[in-house]
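Undergrad: Have a look at the structure that comes next, please.
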Amino acid sequence: KNKNFTYVPSLSREEREWKGARGRVQQHLGNELQGKIFYLCGLKDLVLETKEYLLQQGVEASQIKFERYN
């Protein structure tokens, strides 16, 4: 409903019935990372790795919102 929002669920584990995106989240973020806000939610390692990737790509920390599960 919102043209400024993209939701792409991705599974990093093998799942036979899954027809969606596969692999690490970072593979599906695209090249245009500036000027966006990222909302990360999931297991601790996923969130920390993705946050670090975004920071390395020049995304400002204030543009990264997150919630971790242990």
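Order determines the names: the first chain of the structure tokens is A, the second B, and so forth; residues in each chain are numbered 1 upward, and ligands are numbered 1 upward as they are shown.
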Skipping near chain neighbours, those fewer than 2 positions away, what residues fall within 12 Å of Asn31 in chain A using only C-alpha atoms, listed as a tab-separated table (two decimals) with all heavy atoms, in the first residue's frame?

TA:
```tsv
chain	number	residue	atom	x	y	z
A	26	GLN	N	21.49	-9.44	3.28
A	26	GLN	CA	22.31	-8.44	2.61
A	26	GLN	C	22.27	-8.58	1.08
A	26	GLN	O	22.41	-7.61	0.36
A	26	GLN	CB	23.77	-8.53	3.09
A	26	GLN	CG	23.95	-8.25	4.56
A	26	GLN	CD	23.82	-9.49	5.44
A	26	GLN	OE1	23.13	-10.44	5.12
A	26	GLN	NE2	24.50	-9.47	6.58
A	27	GLN	N	22.06	-9.80	0.58
A	27	GLN	CA	22.01	-10.05	-0.86
A	27	GLN	C	20.81	-9.38	-1.51
A	27	GLN	O	20.80	-9.19	-2.72
A	27	GLN	CB	21.92	-11.55	-1.12
A	27	GLN	CG	23.13	-12.34	-0.72
A	27	GLN	CD	22.86	-13.82	-0.88
A	27	GLN	OE1	22.54	-14.49	0.08
A	27	GLN	NE2	22.99	-14.32	-2.09
A	28	HIS	N	19.79	-9.05	-0.75
A	28	HIS	CA	18.53	-8.57	-1.31
A	28	HIS	C	18.27	-7.09	-1.04
A	28	HIS	O	17.18	-6.60	-1.31
A	28	HIS	CB	17.38	-9.42	-0.76
A	28	HIS	CG	17.58	-10.88	-0.99
A	28	HIS	ND1	17.51	-11.45	-2.24
A	28	HIS	CD2	17.90	-11.87	-0.13
A	28	HIS	CE1	17.76	-12.75	-2.13
A	28	HIS	NE2	18.00	-13.01	-0.88
A	29	LEU	N	19.27	-6.38	-0.53
A	29	LEU	CA	19.08	-4.97	-0.20
A	29	LEU	C	19.24	-4.05	-1.40
A	29	LEU	O	18.78	-2.91	-1.36
A	29	LEU	CB	20.04	-4.55	0.92
A	29	LEU	CG	19.81	-5.22	2.27
A	29	LEU	CD1	20.88	-4.78	3.26
A	29	LEU	CD2	18.42	-4.90	2.80
A	33	LEU	N	21.19	2.37	-1.23
A	33	LEU	CA	20.97	2.28	0.21
A	33	LEU	C	20.87	3.64	0.90
A	33	LEU	O	20.38	3.72	2.02
A	33	LEU	CB	22.10	1.46	0.86
A	33	LEU	CG	22.28	0.04	0.32
A	33	LEU	CD1	23.48	-0.62	0.99
A	33	LEU	CD2	21.02	-0.77	0.51
A	34	GLN	N	21.32	4.67	0.25
A	34	GLN	CA	21.32	6.00	0.85
A	34	GLN	C	19.91	6.59	0.86
A	34	GLN	O	19.11	6.34	-0.03
A	34	GLN	CB	22.27	6.93	0.11
A	34	GLN	CG	23.69	6.40	0.03
A	34	GLN	CD	24.29	6.03	1.37
A	34	GLN	OE1	24.17	6.79	2.33
A	34	GLN	NE2	24.92	4.89	1.46
A	35	GLY	N	19.61	7.38	1.90
A	35	GLY	CA	18.33	8.07	1.97
A	35	GLY	C	17.17	7.17	2.34
A	35	GLY	O	16.02	7.53	2.12
A	36	LYS	N	17.45	6.01	2.90
A	36	LYS	CA	16.40	5.07	3.30
A	36	LYS	C	16.52	4.79	4.79
A	36	LYS	O	17.57	4.97	5.38
A	36	LYS	CB	16.54	3.75	2.54
A	36	LYS	CG	16.36	3.89	1.06
A	36	LYS	CD	16.52	2.56	0.36
A	36	LYS	CE	16.33	2.73	-1.14
A	36	LYS	NZ	16.51	1.46	-1.85
A	54	LEU	N	25.28	-2.53	6.59
A	54	LEU	CA	24.72	-1.23	6.22
A	54	LEU	C	25.66	-0.09	6.59
A	54	LEU	O	25.87	0.84	5.81
A	54	LEU	CB	23.35	-1.04	6.86
A	54	LEU	CG	22.24	-1.94	6.31
A	54	LEU	CD1	21.00	-1.85	7.20
A	54	LEU	CD2	21.91	-1.59	4.87
A	57	GLN	N	28.42	0.19	4.22
A	57	GLN	CA	27.97	0.73	2.93
A	57	GLN	C	27.67	2.22	3.00
A	57	GLN	O	27.20	2.81	2.03
A	57	GLN	CB	26.72	-0.03	2.46
A	57	GLN	CG	26.94	-1.50	2.23
A	57	GLN	CD	28.06	-1.78	1.25
A	57	GLN	OE1	28.10	-1.22	0.16
A	57	GLN	NE2	28.99	-2.64	1.64
A	58	GLY	N	27.90	2.84	4.16
A	58	GLY	CA	27.73	4.28	4.30
A	58	GLY	C	26.38	4.73	4.82
A	58	GLY	O	26.11	5.92	4.86
A	59	VAL	N	25.53	3.79	5.23
A	59	VAL	CA	24.24	4.15	5.81
A	59	VAL	C	24.50	4.69	7.22
A	59	VAL	O	25.26	4.11	7.99
A	59	VAL	CB	23.29	2.93	5.86
A	59	VAL	CG1	22.00	3.27	6.58
A	59	VAL	CG2	23.01	2.41	4.46
```

Undergrad: I want to know what sits within 9 Å of Lys44 in chain A, based on only C-alpha atoms, with residues of the same chain fewer than 6 positions away left out; could you give that as a PDB file with N, CA and C atoms, in the first residue's frame?

TA:
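The new file part.pdb reads:
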```pdb
ATOM      1  N   GLU A  67      15.437  -4.564  16.213  1.00  0.00           N
ATOM      2  CA  GLU A  67      14.989  -5.313  17.383  1.00  0.00           C
ATOM      3  C   GLU A  67      15.599  -6.707  17.260  1.00  0.00           C
ATOM      4  N   ARG A  68      16.267  -7.157  18.302  1.00  0.00           N
ATOM      5  CA  ARG A  68      16.939  -8.455  18.271  1.00  0.00           C
ATOM      6  C   ARG A  68      16.206  -9.463  19.147  1.00  0.00           C
ATOM      7  N   TYR A  69      16.235 -10.696  18.690  1.00  0.00           N
ATOM      8  CA  TYR A  69      15.757 -11.820  19.513  1.00  0.00           C
ATOM      9  C   TYR A  69      16.979 -12.640  19.883  1.00  0.00           C
ATOM     10  N   ASN A  70      16.965 -13.210  21.065  1.00  0.00           N
ATOM     11  CA  ASN A  70      18.116 -14.027  21.492  1.00  0.00           C
ATOM     12  C   ASN A  70      17.940 -15.460  21.153  1.00  0.00           C
TER      13      ASN A  70
END
```

Undergrad: In Å to one decimal, how far is CA of Thr6 in chain A from CA of Glu60 in chain A?

TA: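 Straight-line distance from CA of Glu60 in chain A to CA of Thr6 in chain A works out to 19.2 Å.
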
Undergrad: I'd like the interatomic distance between CA of Gly23 in chain A and CA of Ser62 in chain A, to a tenth of an Å.

TA: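 Those two atoms sit 26.1 Å apart.
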
Undergrad: I need the residues of range 3-69 of chain A that end up classed as strand (DSSP E or B) by DSSP on the backbone, written out as a ChimeraX atom specification.

TA: /A:10-11,21-22,38-43,64-69

Undergrad: I'd like the contact shell of Phe66 in chain A - 7 Å cut-off, only C-alpha atoms, skipping same-chain residues fewer than 3 positions apart - returned as a list in words.

TA: Tyr39, Leu40 and Cys41 of chain A

Undergrad: Which residues come within 8 Å of Ser10 in chain A, counting only C-alpha atoms, excluding same-chain residues fewer than 5 positions away, as a ChimeraX atom specification?

TA: /A:20-25

Undergrad: Quick one, how far is CA of Phe38 in chain A from CA of Gln63 in chain A?

TA: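 These atoms are spaced 6.2 Å apart.
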
Undergrad: List every residue of range 22-68 of chain A that DSSP, applied to the backbone of this structure, assigns to helix (DSSP H, G or I), and report them as a PyMOL selection string.

TA: chain A and resi 25-28+44-56+61-63

Undergrad: Just N, CA, C and O atoms for this one: save the residues we selected as a short mmCIF file (atom, residue, chain, number, x, y, z; two decimals), in the first residue's frame.

TA:
```
data_model
loop_
_atom_site.label_atom_id
_atom_site.label_comp_id
_atom_site.auth_asym_id
_atom_site.auth_seq_id
_atom_site.Cartn_x
_atom_site.Cartn_y
_atom_site.Cartn_z
N VAL A 25 20.21 -11.81 4.04
CA VAL A 25 19.43 -10.59 3.84
C VAL A 25 20.21 -9.56 3.02
O VAL A 25 19.65 -8.90 2.13
N GLN A 26 21.49 -9.44 3.28
CA GLN A 26 22.31 -8.44 2.61
C GLN A 26 22.27 -8.58 1.08
O GLN A 26 22.41 -7.61 0.36
N GLN A 27 22.06 -9.80 0.58
CA GLN A 27 22.01 -10.05 -0.86
C GLN A 27 20.81 -9.38 -1.51
O GLN A 27 20.80 -9.19 -2.72
N HIS A 28 19.79 -9.05 -0.75
CA HIS A 28 18.53 -8.57 -1.31
C HIS A 28 18.27 -7.09 -1.04
O HIS A 28 17.18 -6.60 -1.31
N LYS A 44 19.75 -12.34 16.92
CA LYS A 44 20.85 -11.43 17.23
C LYS A 44 21.89 -11.35 16.11
O LYS A 44 22.25 -10.27 15.66
N ASP A 45 22.40 -12.50 15.65
CA ASP A 45 23.46 -12.50 14.64
C ASP A 45 23.00 -11.87 13.33
O ASP A 45 23.73 -11.11 12.70
N LEU A 46 21.78 -12.17 12.91
CA LEU A 46 21.24 -11.61 11.68
C LEU A 46 21.19 -10.09 11.77
O LEU A 46 21.64 -9.38 10.86
N VAL A 47 20.67 -9.59 12.85
CA VAL A 47 20.52 -8.15 13.02
C VAL A 47 21.89 -7.46 13.09
O VAL A 47 22.12 -6.46 12.40
N LEU A 48 22.80 -8.00 13.87
CA LEU A 48 24.12 -7.38 14.01
C LEU A 48 24.91 -7.42 12.71
O LEU A 48 25.55 -6.43 12.34
N GLU A 49 24.86 -8.54 12.00
CA GLU A 49 25.57 -8.64 10.72
C GLU A 49 25.00 -7.68 9.69
O GLU A 49 25.75 -7.03 8.95
N THR A 50 23.69 -7.58 9.62
CA THR A 50 23.06 -6.69 8.65
C THR A 50 23.32 -5.23 9.00
O THR A 50 23.61 -4.41 8.12
N LYS A 51 23.24 -4.91 10.27
CA LYS A 51 23.54 -3.54 10.70
C LYS A 51 24.97 -3.16 10.34
O LYS A 51 25.22 -2.08 9.79
N GLU A 52 25.91 -4.04 10.60
CA GLU A 52 27.32 -3.78 10.28
C GLU A 52 27.51 -3.61 8.77
O GLU A 52 28.23 -2.72 8.33
N TYR A 53 26.85 -4.43 7.99
CA TYR A 53 26.92 -4.33 6.53
C TYR A 53 26.42 -2.95 6.07
O TYR A 53 27.06 -2.29 5.25
N LEU A 54 25.28 -2.53 6.59
CA LEU A 54 24.72 -1.23 6.22
C LEU A 54 25.66 -0.09 6.59
O LEU A 54 25.87 0.84 5.81
N LEU A 55 26.24 -0.16 7.78
CA LEU A 55 27.19 0.88 8.20
C LEU A 55 28.39 0.92 7.27
O LEU A 55 28.85 2.00 6.89
N GLN A 56 28.90 -0.25 6.87
CA GLN A 56 30.04 -0.31 5.96
C GLN A 56 29.69 0.25 4.58
O GLN A 56 30.57 0.73 3.87
N ALA A 61 23.96 5.47 11.11
CA ALA A 61 23.40 4.66 12.20
C ALA A 61 21.98 5.10 12.55
O ALA A 61 21.14 4.27 12.91
N SER A 62 21.69 6.38 12.42
CA SER A 62 20.36 6.89 12.75
C SER A 62 19.29 6.39 11.78
O SER A 62 18.10 6.48 12.08
N GLN A 63 19.70 5.85 10.64
CA GLN A 63 18.77 5.33 9.64
C GLN A 63 18.51 3.83 9.81
O GLN A 63 17.81 3.23 9.01
#
```
